[in-house]
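Participant: Have a look at this one.
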Amino acid sequence: MAARRSPAPPAAGLAPGAAAPLSSLPGVGPRIAEKLAARGLQTLQDLWLQLPRGYEDRTALTPVRNLQPGVPAQVEGRVEAVERGFRYRPLLRVALGDASRATVVLRFFHFRAAQAAQFQPGVRVRAYGTPRPGQRGLEIVHPSYTILGEDDEGALGDRLDPVYPAVEGVGPARLKTLIAQALDRLPGDDILELLPPREPGLRGLPGLREALLTVHRPPRDVDLAALRAGTHPAQRRLALEELLAHHLSMRRQRMSRQSHAAAALADQRLVQQLRKQLPFALTAAQERVFAEVRADLARPVPMLRLVQGDVGSGKTVVAAMAALMAVADGRQAALMAPTELLAEQHLANLRAWLEPLGVGVAWLAGRVTGRARGRTLADVAEGRAQVVVGTHALMQEGVAFHDLALAIVDEQHRFGVHQRLALRDKGGEGGRVAHQLVMTATPIPRTLAMAAYADLDVSAIDELPPGRTPITTVVLAAGRRPELVERIRAACAEGRQAYWVCTIIDESDEVVAQAAQATWEGLSAALPELRVGLVHGRMKAAEKQAAMRAFKDGATQLLVATTVIEVGVDVPNASLMVIENAERLGLAQLHQLRGRVGRGSAASSCVLLYQPPLSRMARERLETMRETGDGFVIAEKDLELRGPGELLGTRQTGLASFRLADLERDADMLPLVQELGDRLLRDEPAVAARVVERWVGVAARYASA
Ligand code: ADP
Ligand code: MG
């Protein structure tokens with residue numbers, strides 16, 4: 001055990017020695033240090049937190065007779081026979097027998113001559129690996145092994161062997177040694193521990209030092225099942241601190257952003273004018289959320305607000321009103337959407353609402369090029385464009401705003417956090433940053449929202465506009481497709497419109513487009529009296545737009561589409577939707593798609609066609625869709641079925657960068673994380689900084705590089 005050190009307050013916010021460079025370990029020269037640094041391993045502490053990805057149990061010997069295929073085990077015996085040969089590739093086979101009078105074959109494809117020469121008949125060998133059936137009984141391919149001398153006691157270890165994630169250029173044995181050496185210098189909890197010692201939520205969990213040692217060097221009698229599942233108290237202790245570190249990191253980022261100034265926007269005249277023009281009154285939920293937004297905008301501090309609202313809840317008009325607050329103050333607003341189709345629709349809405357008020361709305365997407373682009377850029381830079389709508393093209397370099405006061409981002413989970421920030425950083429004059437409004441139609445369960453959006457305030461539009469009729473959802477096997485065609489014929493004869501959504505899993509845009517094309521041909525032939533439109537991702541923007549417009553205007557009655565129509569598309573007269581191969585889609589996507597109908601006053605239905613047989617998960621998804629239309633219920637179910645990584649779009653949120661925490665598995669600790677986070681930020685900001693530095697510091701150092 002490491003000697004106790006004097007508890008002097010650590011300088012860099014780390015335990016003494018924690019920040020020591022790896023070159024302080026024996027034998028670590030610049031070459032190895034560089035390889036380790038490439039994986040973010042620079043200090044002793046980085047090695048302490050480099051956790052095993054698995055374990056090997058070498059604390060016991062298994063009689064050869066008891067070996068099971070597929071079950072890793074350690075055996076000890078004597079070499080009975082050796083075969084060296086060359087059949088297509090070099091081959092070394094060593095037959096090892098033990099007192100259980102059974103034989104297992106150790107098999108090597110890569111070996112050095114000296115290595116092969118070690119295996120002489122009669123030599124004692126201890127080997128570890130996973131047996132599998134071979135030509136002559138069980139064999140272990142490339143076992144790890146040691147040759148034991150005649151008088152070797154060959155004492156067995158009393159701890160499991162950790163297996164670490166590979167680091168390129170550093171052999172696994174070397175890495176293991178380095179981590180072990182770093183752990184030998186692990187200080188005591190008087191120095192290491194950052195969490196409040198008497199916190200009741202920590203009851204039953206070990207201190208940090210013990211937790212680290214248990215996870216790196218589990219004792220022989222450890223609950224291995226728990227350890228493998230990641231639920232051992234030692235792991236929970238570490239996961240708690242890691243979750244806390246990420247949470248604090250987001251909240252600190254938020255605080256630092258809020259230390260910037262923003263334009264205070266309070267002029268409501270344009271908003272009042274818009275209200276008078278709207279053909280509807282806002283719902284109570286829209287009013288409440290807009291009031292929250294307005295209160296944020298009125299302050300000279302950047303707003304950071306997420307507006308959650310189910311599909312069709314009417315987020316766009318709230319965004320438009322917020323944009324008008326910026327315009328009324330003589331400044332600019334930008335609205336960014338993840339797809340061109342959705343951005344185009346926002347453009348159409350905003351133009352219809354804002355241009356009658358004399359507000360200029362500009363369009364900036366990737367496909368705007370040449371002179372048109374130059375003109376738009378000049379309008380944006382000189383402030384003639386008061387509201388700018390577009391795709392991520394808005395964030396590109398070369399796009400300079402005259403005075404951007406509000407950045408609105410729709411369907412946020414498709415953008416990365418960094419993209420979100422890039423737009424905000426295009427803020428106005430004099431070091432001001434833009435207010436930020438993020439809109440998402442993917443309801444996120446509360447606990448997850450806390451973890452994923454700790455840097456945002458959250459508002460919810462939890463009510464749909466009146467006059468919407470609930471959507472009836474039917475689940476049908478694909479064999480009943482012909483009946484459906486008749487149903488579409490009947491619906492369209494009554495003046496209704498329908499979507500037919502084609503899906504193909506995991507294929508390129510091109511293959512999906514071909515499938516949609518084929519479906520379009522088939523349906524056009526089956527329904528000669530109908531005008532059938534087609535929209536897919538491979539069409540030019542103008543073609544897509546034309547196809548959408550024709551459908552919206554009623555010129556086409558049936559629209560065959562790929563999932564490009566998923567987000568935001570709004571055609572109130574469409575009241576029937578067929579989704580082919582619905583079993584292949586996730587709940588969130590099905591919910592989004594279904595939200596395209598039920599937008600008008602006609603009773604709507606959604607038919608989920610599936611290809612039998614259904615997997616259990618697929619059946620549950622379809623049943624959930626049939627049973628509920630509530631986005632929050634669906635999100636909870638989605639969480640249950642899929643886990644949060646996928647739900648949040650792991651890559652985008654950066655939540656995947658956990659070392660061992662798992663939002664789903666450890667969800668029960670999130671309230672405690674929140675509470676500890678509040679307390680540390682309020683009472684002990686320096687400790688909060690140390691927690692962040694310990695767990696997220698490396699990632700942050702890299703992100704900023
Ligand atoms: P989403 O929240 O899915 O983005 P939209 O903003 O596209 O929803 O709104 C869906 C439809 O509802 C649009 O046609 C919009 O004009 C309409 N809408 C919005 N608010 C109301 C309201 N309060 N009453 C009636 N219709 C509304
Ligand atoms: Mg929308």
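By order in the structure tokens, chains are A, B, ...; within a chain, residues start at 1; ligands start at 1, following the order shown.
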What do you get as a ChimeraX atom specification if you pick all residues at most 10 Å from ligand 1, counting only C-alpha atoms and all ligand atoms?

Facilitator: /A:278-287,307-320,342,345-346,349,353,410-411,439-442,461,463-468,567-572,592,595-596,598-600

Participant: Name the residues of region 467-635 of chain A that come out as strand (DSSP E) in a backbone DSSP run; write them as an MDAnalysis selection string.

Facilitator: chainID A and resid 471:477 497:501 532:535 558:561 574:579 604:610

Participant: Those residues you just picked out, can you put them in a file as a compact mmCIF listing (two decimals), in the first residue's frame with N, CA and C atoms?

Facilitator:
# COMPACT_ATOMS: atom_id res chain seq x y z
N ILE A 471 -54.62 10.03 -34.18
CA ILE A 471 -54.31 9.17 -35.31
C ILE A 471 -54.54 7.72 -34.92
N THR A 472 -55.28 7.00 -35.74
CA THR A 472 -55.46 5.57 -35.51
C THR A 472 -54.29 4.84 -36.15
N THR A 473 -53.65 3.98 -35.38
CA THR A 473 -52.51 3.26 -35.94
C THR A 473 -52.83 1.78 -36.06
N VAL A 474 -52.56 1.24 -37.23
CA VAL A 474 -52.85 -0.16 -37.50
C VAL A 474 -51.55 -0.85 -37.88
N VAL A 475 -51.37 -2.06 -37.40
CA VAL A 475 -50.17 -2.82 -37.74
C VAL A 475 -50.59 -3.99 -38.64
N LEU A 476 -50.03 -4.07 -39.82
CA LEU A 476 -50.44 -5.10 -40.79
C LEU A 476 -49.24 -5.82 -41.38
N ALA A 477 -49.41 -7.12 -41.61
CA ALA A 477 -48.36 -7.88 -42.31
C ALA A 477 -48.35 -7.46 -43.78
N GLN A 497 -55.51 13.03 -48.87
CA GLN A 497 -54.20 12.75 -49.45
C GLN A 497 -53.46 11.74 -48.57
N ALA A 498 -52.49 11.07 -49.18
CA ALA A 498 -51.80 10.01 -48.45
C ALA A 498 -50.30 10.00 -48.74
N TYR A 499 -49.56 9.55 -47.72
CA TYR A 499 -48.12 9.31 -47.89
C TYR A 499 -47.88 7.80 -47.97
N TRP A 500 -46.93 7.43 -48.77
CA TRP A 500 -46.46 6.04 -48.77
C TRP A 500 -44.96 6.11 -48.54
N VAL A 501 -44.52 5.63 -47.38
CA VAL A 501 -43.11 5.79 -47.02
C VAL A 501 -42.34 4.49 -47.25
N VAL A 532 -49.64 10.63 -58.64
CA VAL A 532 -48.73 10.13 -57.60
C VAL A 532 -47.40 10.87 -57.69
N GLY A 533 -46.98 11.44 -56.59
CA GLY A 533 -45.70 12.15 -56.55
C GLY A 533 -44.60 11.29 -55.95
N LEU A 534 -43.37 11.76 -56.10
CA LEU A 534 -42.23 11.01 -55.58
C LEU A 534 -41.21 11.98 -55.01
N VAL A 535 -40.71 11.68 -53.83
CA VAL A 535 -39.63 12.50 -53.29
C VAL A 535 -38.63 11.60 -52.56
N LEU A 558 -51.18 11.27 -53.85
CA LEU A 558 -50.41 10.28 -53.11
C LEU A 558 -48.94 10.64 -53.27
N LEU A 559 -48.22 10.65 -52.17
CA LEU A 559 -46.79 10.98 -52.24
C LEU A 559 -45.98 9.77 -51.78
N VAL A 560 -45.20 9.23 -52.71
CA VAL A 560 -44.28 8.16 -52.35
C VAL A 560 -42.99 8.83 -51.91
N ALA A 561 -42.52 8.47 -50.73
CA ALA A 561 -41.37 9.20 -50.20
C ALA A 561 -40.46 8.27 -49.43
N ALA A 574 -53.19 15.82 -45.61
CA ALA A 574 -52.75 14.42 -45.69
C ALA A 574 -53.21 13.71 -44.42
N SER A 575 -54.01 12.65 -44.60
CA SER A 575 -54.57 12.02 -43.40
C SER A 575 -54.35 10.51 -43.38
N LEU A 576 -53.60 10.01 -44.33
CA LEU A 576 -53.31 8.58 -44.32
C LEU A 576 -51.83 8.38 -44.61
N MET A 577 -51.21 7.55 -43.81
CA MET A 577 -49.80 7.26 -44.06
C MET A 577 -49.57 5.77 -43.99
N VAL A 578 -48.85 5.27 -44.98
CA VAL A 578 -48.44 3.87 -44.96
C VAL A 578 -46.92 3.86 -44.80
N ILE A 579 -46.43 3.10 -43.86
CA ILE A 579 -44.98 2.97 -43.71
C ILE A 579 -44.60 1.53 -43.98
N SER A 604 -57.30 10.75 -38.98
CA SER A 604 -56.15 10.25 -39.71
C SER A 604 -55.79 8.85 -39.28
N SER A 605 -55.12 8.16 -40.20
CA SER A 605 -54.62 6.86 -39.79
C SER A 605 -53.23 6.60 -40.36
N CYS A 606 -52.57 5.72 -39.65
CA CYS A 606 -51.21 5.36 -40.02
C CYS A 606 -51.16 3.84 -40.06
N VAL A 607 -50.70 3.29 -41.16
CA VAL A 607 -50.62 1.84 -41.30
C VAL A 607 -49.16 1.43 -41.29
N LEU A 608 -48.82 0.59 -40.35
CA LEU A 608 -47.44 0.11 -40.25
C LEU A 608 -47.38 -1.28 -40.88
N LEU A 609 -46.79 -1.36 -42.05
CA LEU A 609 -46.65 -2.63 -42.74
C LEU A 609 -45.36 -3.29 -42.30
N TYR A 610 -45.44 -4.57 -41.99
CA TYR A 610 -44.20 -5.24 -41.59
C TYR A 610 -44.04 -6.55 -42.34

Participant: For region 356-364 of chain A, please output as a list in words all residues within 9 Å (counting only C-alpha atoms; exclusion window: fewer than 4 positions along the same chain).

Facilitator: Leu270, Gln273, Leu274, Leu324, Val327, Ala343, Glu344, Leu347, Leu350, Arg351, Ala352, Val368, Arg373, Thr376, Leu377, Asp379, Val380, Arg384, Ala385, Gln386, Val387, Val388, Val389, Gly390, Thr391, His392, Ala393 and Leu394 of chain A

Participant: Would you output that residue set with N, CA and C atoms, as a CSV table (one decimal), in the first residue's frame?

Facilitator:
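Here's the written file result_5.csv:
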chain,number,residue,atom,x,y,z
A,270,LEU,N,-43.3,44.0,-33.1
A,270,LEU,CA,-43.4,43.1,-34.3
A,270,LEU,C,-44.2,41.8,-33.9
A,273,GLN,N,-47.8,42.5,-33.9
A,273,GLN,CA,-48.3,42.5,-35.3
A,273,GLN,C,-48.5,41.1,-35.8
A,274,LEU,N,-47.5,40.2,-35.6
A,274,LEU,CA,-47.6,38.9,-36.1
A,274,LEU,C,-48.8,38.2,-35.5
A,324,LEU,N,-38.5,37.8,-34.2
A,324,LEU,CA,-39.1,39.1,-34.3
A,324,LEU,C,-38.6,40.0,-33.2
A,327,VAL,N,-35.3,41.3,-34.4
A,327,VAL,CA,-35.5,42.2,-35.6
A,327,VAL,C,-36.0,43.5,-35.0
A,343,ALA,N,-35.3,23.1,-43.9
A,343,ALA,CA,-35.0,24.5,-43.9
A,343,ALA,C,-35.9,25.2,-44.9
A,344,GLU,N,-36.1,24.6,-46.1
A,344,GLU,CA,-37.0,25.2,-47.1
A,344,GLU,C,-38.4,25.5,-46.5
A,347,LEU,N,-38.3,28.3,-44.3
A,347,LEU,CA,-38.2,29.6,-45.1
A,347,LEU,C,-39.6,30.0,-45.6
A,350,LEU,N,-41.6,31.3,-42.6
A,350,LEU,CA,-41.2,32.6,-42.1
A,350,LEU,C,-41.5,33.7,-43.1
A,351,ARG,N,-41.3,33.4,-44.4
A,351,ARG,CA,-41.6,34.4,-45.4
A,351,ARG,C,-43.1,34.8,-45.3
A,352,ALA,N,-43.9,33.7,-45.2
A,352,ALA,CA,-45.4,34.0,-45.2
A,352,ALA,C,-45.7,34.8,-43.9
A,368,VAL,N,-26.9,27.2,-52.5
A,368,VAL,CA,-26.8,28.6,-53.0
A,368,VAL,C,-25.4,29.0,-53.3
A,373,ARG,N,-25.1,33.7,-54.0
A,373,ARG,CA,-24.5,33.5,-52.7
A,373,ARG,C,-23.8,34.8,-52.2
A,376,THR,N,-26.4,37.2,-51.1
A,376,THR,CA,-26.9,36.9,-49.8
A,376,THR,C,-25.9,37.2,-48.7
A,377,LEU,N,-24.7,36.8,-48.9
A,377,LEU,CA,-23.7,37.0,-47.9
A,377,LEU,C,-23.5,38.5,-47.6
A,379,ASP,N,-25.9,40.7,-48.0
A,379,ASP,CA,-27.1,41.1,-47.2
A,379,ASP,C,-27.0,40.8,-45.8
A,380,VAL,N,-26.4,39.6,-45.5
A,380,VAL,CA,-26.3,39.1,-44.2
A,380,VAL,C,-25.3,40.0,-43.4
A,384,ARG,N,-29.0,43.8,-44.1
A,384,ARG,CA,-30.3,43.9,-44.8
A,384,ARG,C,-31.1,42.7,-44.6
A,385,ALA,N,-30.4,41.5,-44.5
A,385,ALA,CA,-31.2,40.3,-44.2
A,385,ALA,C,-31.4,40.3,-42.7
A,386,GLN,N,-32.6,40.4,-42.3
A,386,GLN,CA,-32.9,40.5,-40.8
A,386,GLN,C,-33.0,39.2,-40.2
A,387,VAL,N,-33.6,38.2,-41.0
A,387,VAL,CA,-33.7,36.9,-40.6
A,387,VAL,C,-33.1,36.0,-41.6
A,388,VAL,N,-32.2,35.1,-41.3
A,388,VAL,CA,-31.6,34.2,-42.2
A,388,VAL,C,-31.9,32.8,-41.9
A,389,VAL,N,-32.4,32.1,-42.9
A,389,VAL,CA,-32.8,30.7,-42.7
A,389,VAL,C,-31.9,29.8,-43.6
A,390,GLY,N,-31.5,28.7,-43.1
A,390,GLY,CA,-30.6,27.8,-43.9
A,390,GLY,C,-30.2,26.5,-43.2
A,391,THR,N,-29.3,25.9,-43.8
A,391,THR,CA,-28.8,24.6,-43.2
A,391,THR,C,-27.5,24.9,-42.6
A,392,HIS,N,-26.6,23.9,-42.3
A,392,HIS,CA,-25.4,24.1,-41.7
A,392,HIS,C,-24.5,25.1,-42.5
A,393,ALA,N,-24.9,25.4,-43.7
A,393,ALA,CA,-24.1,26.3,-44.5
A,393,ALA,C,-24.0,27.7,-43.8
A,394,LEU,N,-25.0,27.9,-42.9
A,394,LEU,CA,-25.0,29.1,-42.1
A,394,LEU,C,-23.8,29.3,-41.2

Participant: Hey, can you check how far CA of Asn66 (chain A) sits from CA of Ala226 (chain A)?

Facilitator: 24.6 Å

Participant: So, counting only C-alpha atoms, which residue among A:Leu680, A:Ala513, A:Val691, A:Leu639 is closest to Leu663 (chain A)?

Facilitator: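 Between A:Leu680, A:Ala513, A:Val691, A:Leu639, the residue approaching Leu663 (chain A) most closely is A:Leu639.
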
Participant: Counting only C-alpha atoms and all ligand atoms, which residue out of A:Val125, A:Ala20, A:Leu265, A:Val409 sits closest to ligand 2?

Facilitator: A:Val409

Participant: CA of Met250 (chain A) and CA of Gln332 (chain A), how far apart in Å?

Facilitator: 27.2 Å

Participant: Restricting the calculation to only C-alpha atoms and all ligand atoms: of A:Ala114, A:Ala515, A:Leu341, A:Val458, which residue gets closest to ligand 2?

Facilitator: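 Looking at the shortest contact to ligand 2, the residue is A:Leu341.
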
Participant: Near Val71 (chain A), within 7 Å and counting only C-alpha atoms, which residues show up once chain neighbours fewer than 2 positions away are dropped, as a PyMOL selection string?

Facilitator: chain A and resi 68-69+73+130-131

Participant: Let me see the file: selected residues, N, CA and C atoms, as an mmCIF file, in the first residue's frame.

Facilitator:
data_model
loop_
_atom_site.group_PDB
_atom_site.id
_atom_site.type_symbol
_atom_site.label_atom_id
_atom_site.label_comp_id
_atom_site.auth_asym_id
_atom_site.auth_seq_id
_atom_site.Cartn_x
_atom_site.Cartn_y
_atom_site.Cartn_z
ATOM 1 N N GLN A 68 -14.059 -26.408 -20.927
ATOM 2 C CA GLN A 68 -15.296 -26.286 -21.709
ATOM 3 C C GLN A 68 -15.006 -25.404 -22.913
ATOM 4 N N PRO A 69 -15.491 -25.793 -24.074
ATOM 5 C CA PRO A 69 -15.273 -24.904 -25.222
ATOM 6 C C PRO A 69 -15.879 -23.526 -24.954
ATOM 7 N N ALA A 73 -9.960 -20.373 -19.424
ATOM 8 C CA ALA A 73 -9.487 -21.104 -18.253
ATOM 9 C C ALA A 73 -7.968 -21.174 -18.256
ATOM 10 N N THR A 130 -8.856 -19.511 -24.244
ATOM 11 C CA THR A 130 -10.207 -20.014 -24.438
ATOM 12 C C THR A 130 -10.169 -21.239 -25.352
ATOM 13 N N PRO A 131 -10.494 -22.408 -24.795
ATOM 14 C CA PRO A 131 -10.448 -23.620 -25.622
ATOM 15 C C PRO A 131 -11.568 -23.634 -26.657
#

Participant: Can you list, as a ChimeraX atom specification, every protein, DNA or RNA residue that comes within 7 Å of Ala262 (chain A) when you count only C-alpha atoms, leaving out same-chain residues fewer than 4 positions away?

Facilitator: /A:300-302,432-435

Participant: Mind writing the picked residues with all heavy atoms as a PDB file, in the first residue's frame?

Facilitator:
ATOM      1  N   PRO A 300     -29.517  40.845 -20.501  1.00  0.00           N
ATOM      2  CA  PRO A 300     -28.297  41.051 -21.298  1.00  0.00           C
ATOM      3  C   PRO A 300     -27.317  39.891 -21.168  1.00  0.00           C
ATOM      4  O   PRO A 300     -26.117  40.073 -21.231  1.00  0.00           O
ATOM      5  CB  PRO A 300     -27.718  42.340 -20.706  1.00  0.00           C
ATOM      6  CG  PRO A 300     -28.174  42.334 -19.291  1.00  0.00           C
ATOM      7  CD  PRO A 300     -29.510  41.646 -19.261  1.00  0.00           C
ATOM      8  N   VAL A 301     -27.856  38.692 -20.974  1.00  0.00           N
ATOM      9  CA  VAL A 301     -27.062  37.477 -20.782  1.00  0.00           C
ATOM     10  C   VAL A 301     -27.544  36.495 -21.843  1.00  0.00           C
ATOM     11  O   VAL A 301     -28.743  36.436 -22.100  1.00  0.00           O
ATOM     12  CB  VAL A 301     -27.367  36.888 -19.383  1.00  0.00           C
ATOM     13  CG1 VAL A 301     -26.607  35.610 -19.160  1.00  0.00           C
ATOM     14  CG2 VAL A 301     -27.083  37.910 -18.304  1.00  0.00           C
ATOM     15  N   PRO A 302     -26.662  35.731 -22.457  1.00  0.00           N
ATOM     16  CA  PRO A 302     -27.132  34.850 -23.524  1.00  0.00           C
ATOM     17  C   PRO A 302     -28.141  33.810 -23.035  1.00  0.00           C
ATOM     18  O   PRO A 302     -27.874  33.118 -22.054  1.00  0.00           O
ATOM     19  CB  PRO A 302     -25.861  34.152 -24.033  1.00  0.00           C
ATOM     20  CG  PRO A 302     -24.721  34.789 -23.350  1.00  0.00           C
ATOM     21  CD  PRO A 302     -25.210  35.664 -22.248  1.00  0.00           C
ATOM     22  N   ARG A 432     -20.345  40.647 -27.825  1.00  0.00           N
ATOM     23  CA  ARG A 432     -21.605  40.023 -27.428  1.00  0.00           C
ATOM     24  C   ARG A 432     -21.745  38.674 -28.118  1.00  0.00           C
ATOM     25  O   ARG A 432     -21.255  38.483 -29.225  1.00  0.00           O
ATOM     26  CB  ARG A 432     -22.783  40.920 -27.834  1.00  0.00           C
ATOM     27  CG  ARG A 432     -23.086  42.010 -26.836  1.00  0.00           C
ATOM     28  CD  ARG A 432     -24.501  42.508 -27.068  1.00  0.00           C
ATOM     29  NE  ARG A 432     -24.689  42.835 -28.472  1.00  0.00           N
ATOM     30  CZ  ARG A 432     -24.554  44.051 -28.981  1.00  0.00           C
ATOM     31  NH1 ARG A 432     -24.238  45.055 -28.201  1.00  0.00           N
ATOM     32  NH2 ARG A 432     -24.745  44.262 -30.259  1.00  0.00           N
ATOM     33  N   VAL A 433     -22.424  37.733 -27.470  1.00  0.00           N
ATOM     34  CA  VAL A 433     -22.729  36.481 -28.148  1.00  0.00           C
ATOM     35  C   VAL A 433     -24.239  36.415 -28.356  1.00  0.00           C
ATOM     36  O   VAL A 433     -25.006  37.123 -27.704  1.00  0.00           O
ATOM     37  CB  VAL A 433     -22.242  35.240 -27.365  1.00  0.00           C
ATOM     38  CG1 VAL A 433     -20.745  35.300 -27.140  1.00  0.00           C
ATOM     39  CG2 VAL A 433     -22.969  35.112 -26.052  1.00  0.00           C
ATOM     40  N   ALA A 434     -24.639  35.562 -29.285  1.00  0.00           N
ATOM     41  CA  ALA A 434     -26.061  35.469 -29.622  1.00  0.00           C
ATOM     42  C   ALA A 434     -26.815  34.656 -28.575  1.00  0.00           C
ATOM     43  O   ALA A 434     -26.273  33.733 -27.979  1.00  0.00           O
ATOM     44  CB  ALA A 434     -26.211  34.821 -31.000  1.00  0.00           C
ATOM     45  N   HIS A 435     -28.046  35.009 -28.364  1.00  0.00           N
ATOM     46  CA  HIS A 435     -28.952  34.144 -27.611  1.00  0.00           C
ATOM     47  C   HIS A 435     -29.131  32.866 -28.413  1.00  0.00           C
ATOM     48  O   HIS A 435     -29.054  32.875 -29.627  1.00  0.00           O
ATOM     49  CB  HIS A 435     -30.328  34.800 -27.465  1.00  0.00           C
ATOM     50  CG  HIS A 435     -30.331  36.035 -26.624  1.00  0.00           C
ATOM     51  ND1 HIS A 435     -30.170  35.997 -25.262  1.00  0.00           N
ATOM     52  CD2 HIS A 435     -30.486  37.340 -26.959  1.00  0.00           C
ATOM     53  CE1 HIS A 435     -30.243  37.236 -24.783  1.00  0.00           C
ATOM     54  NE2 HIS A 435     -30.422  38.068 -25.796  1.00  0.00           N
TER      55      HIS A 435
END

Participant: Pick out the residues sitting within 7 Å of region 152-168 of chain A, and hand them over as a list in words; count only C-alpha atoms, and ignore anything fewer than 4 positions along from it in its own chain.

Facilitator: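 Here the answer would be Lys35, Leu36, Arg39, Leu51, Pro52, Arg53, Gly54, Tyr55, Glu56, Asp57, Arg58, Thr59, Ala60, Leu148, Pro172, His216, Arg217, Pro218, Pro219 and Arg220 of chain A.
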
Participant: Can you tell me how far CA of Ala454 (chain A) sits from CA of Arg237 (chain A), in Å to one decimal?

Facilitator: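 If I compute the distance from CA of Ala454 (chain A) to CA of Arg237 (chain A), I get 21.0 Å.
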
Participant: Tell me which protein, DNA and RNA residues are within 8 Å of Phe109 (chain A), counting only C-alpha atoms, leaving out same-chain ones fewer than 4 positions away, and put them as a PyMOL selection string.

Facilitator: chain A and resi 89-92+142

Participant: Keeping only C-alpha atoms, write those residues as a JSON list (two decimals), in the first residue's frame.

Facilitator:
[["chain", "number", "residue", "atom", "x", "y", "z"],
["A", 89, "ARG", "CA", 1.49, -21.37, -42.98],
["A", 90, "PRO", "CA", 3.86, -22.17, -40.12],
["A", 91, "LEU", "CA", 2.30, -24.31, -37.44],
["A", 92, "LEU", "CA", 3.25, -25.26, -33.92],
["A", 142, "HIS", "CA", -2.27, -18.56, -29.04]]
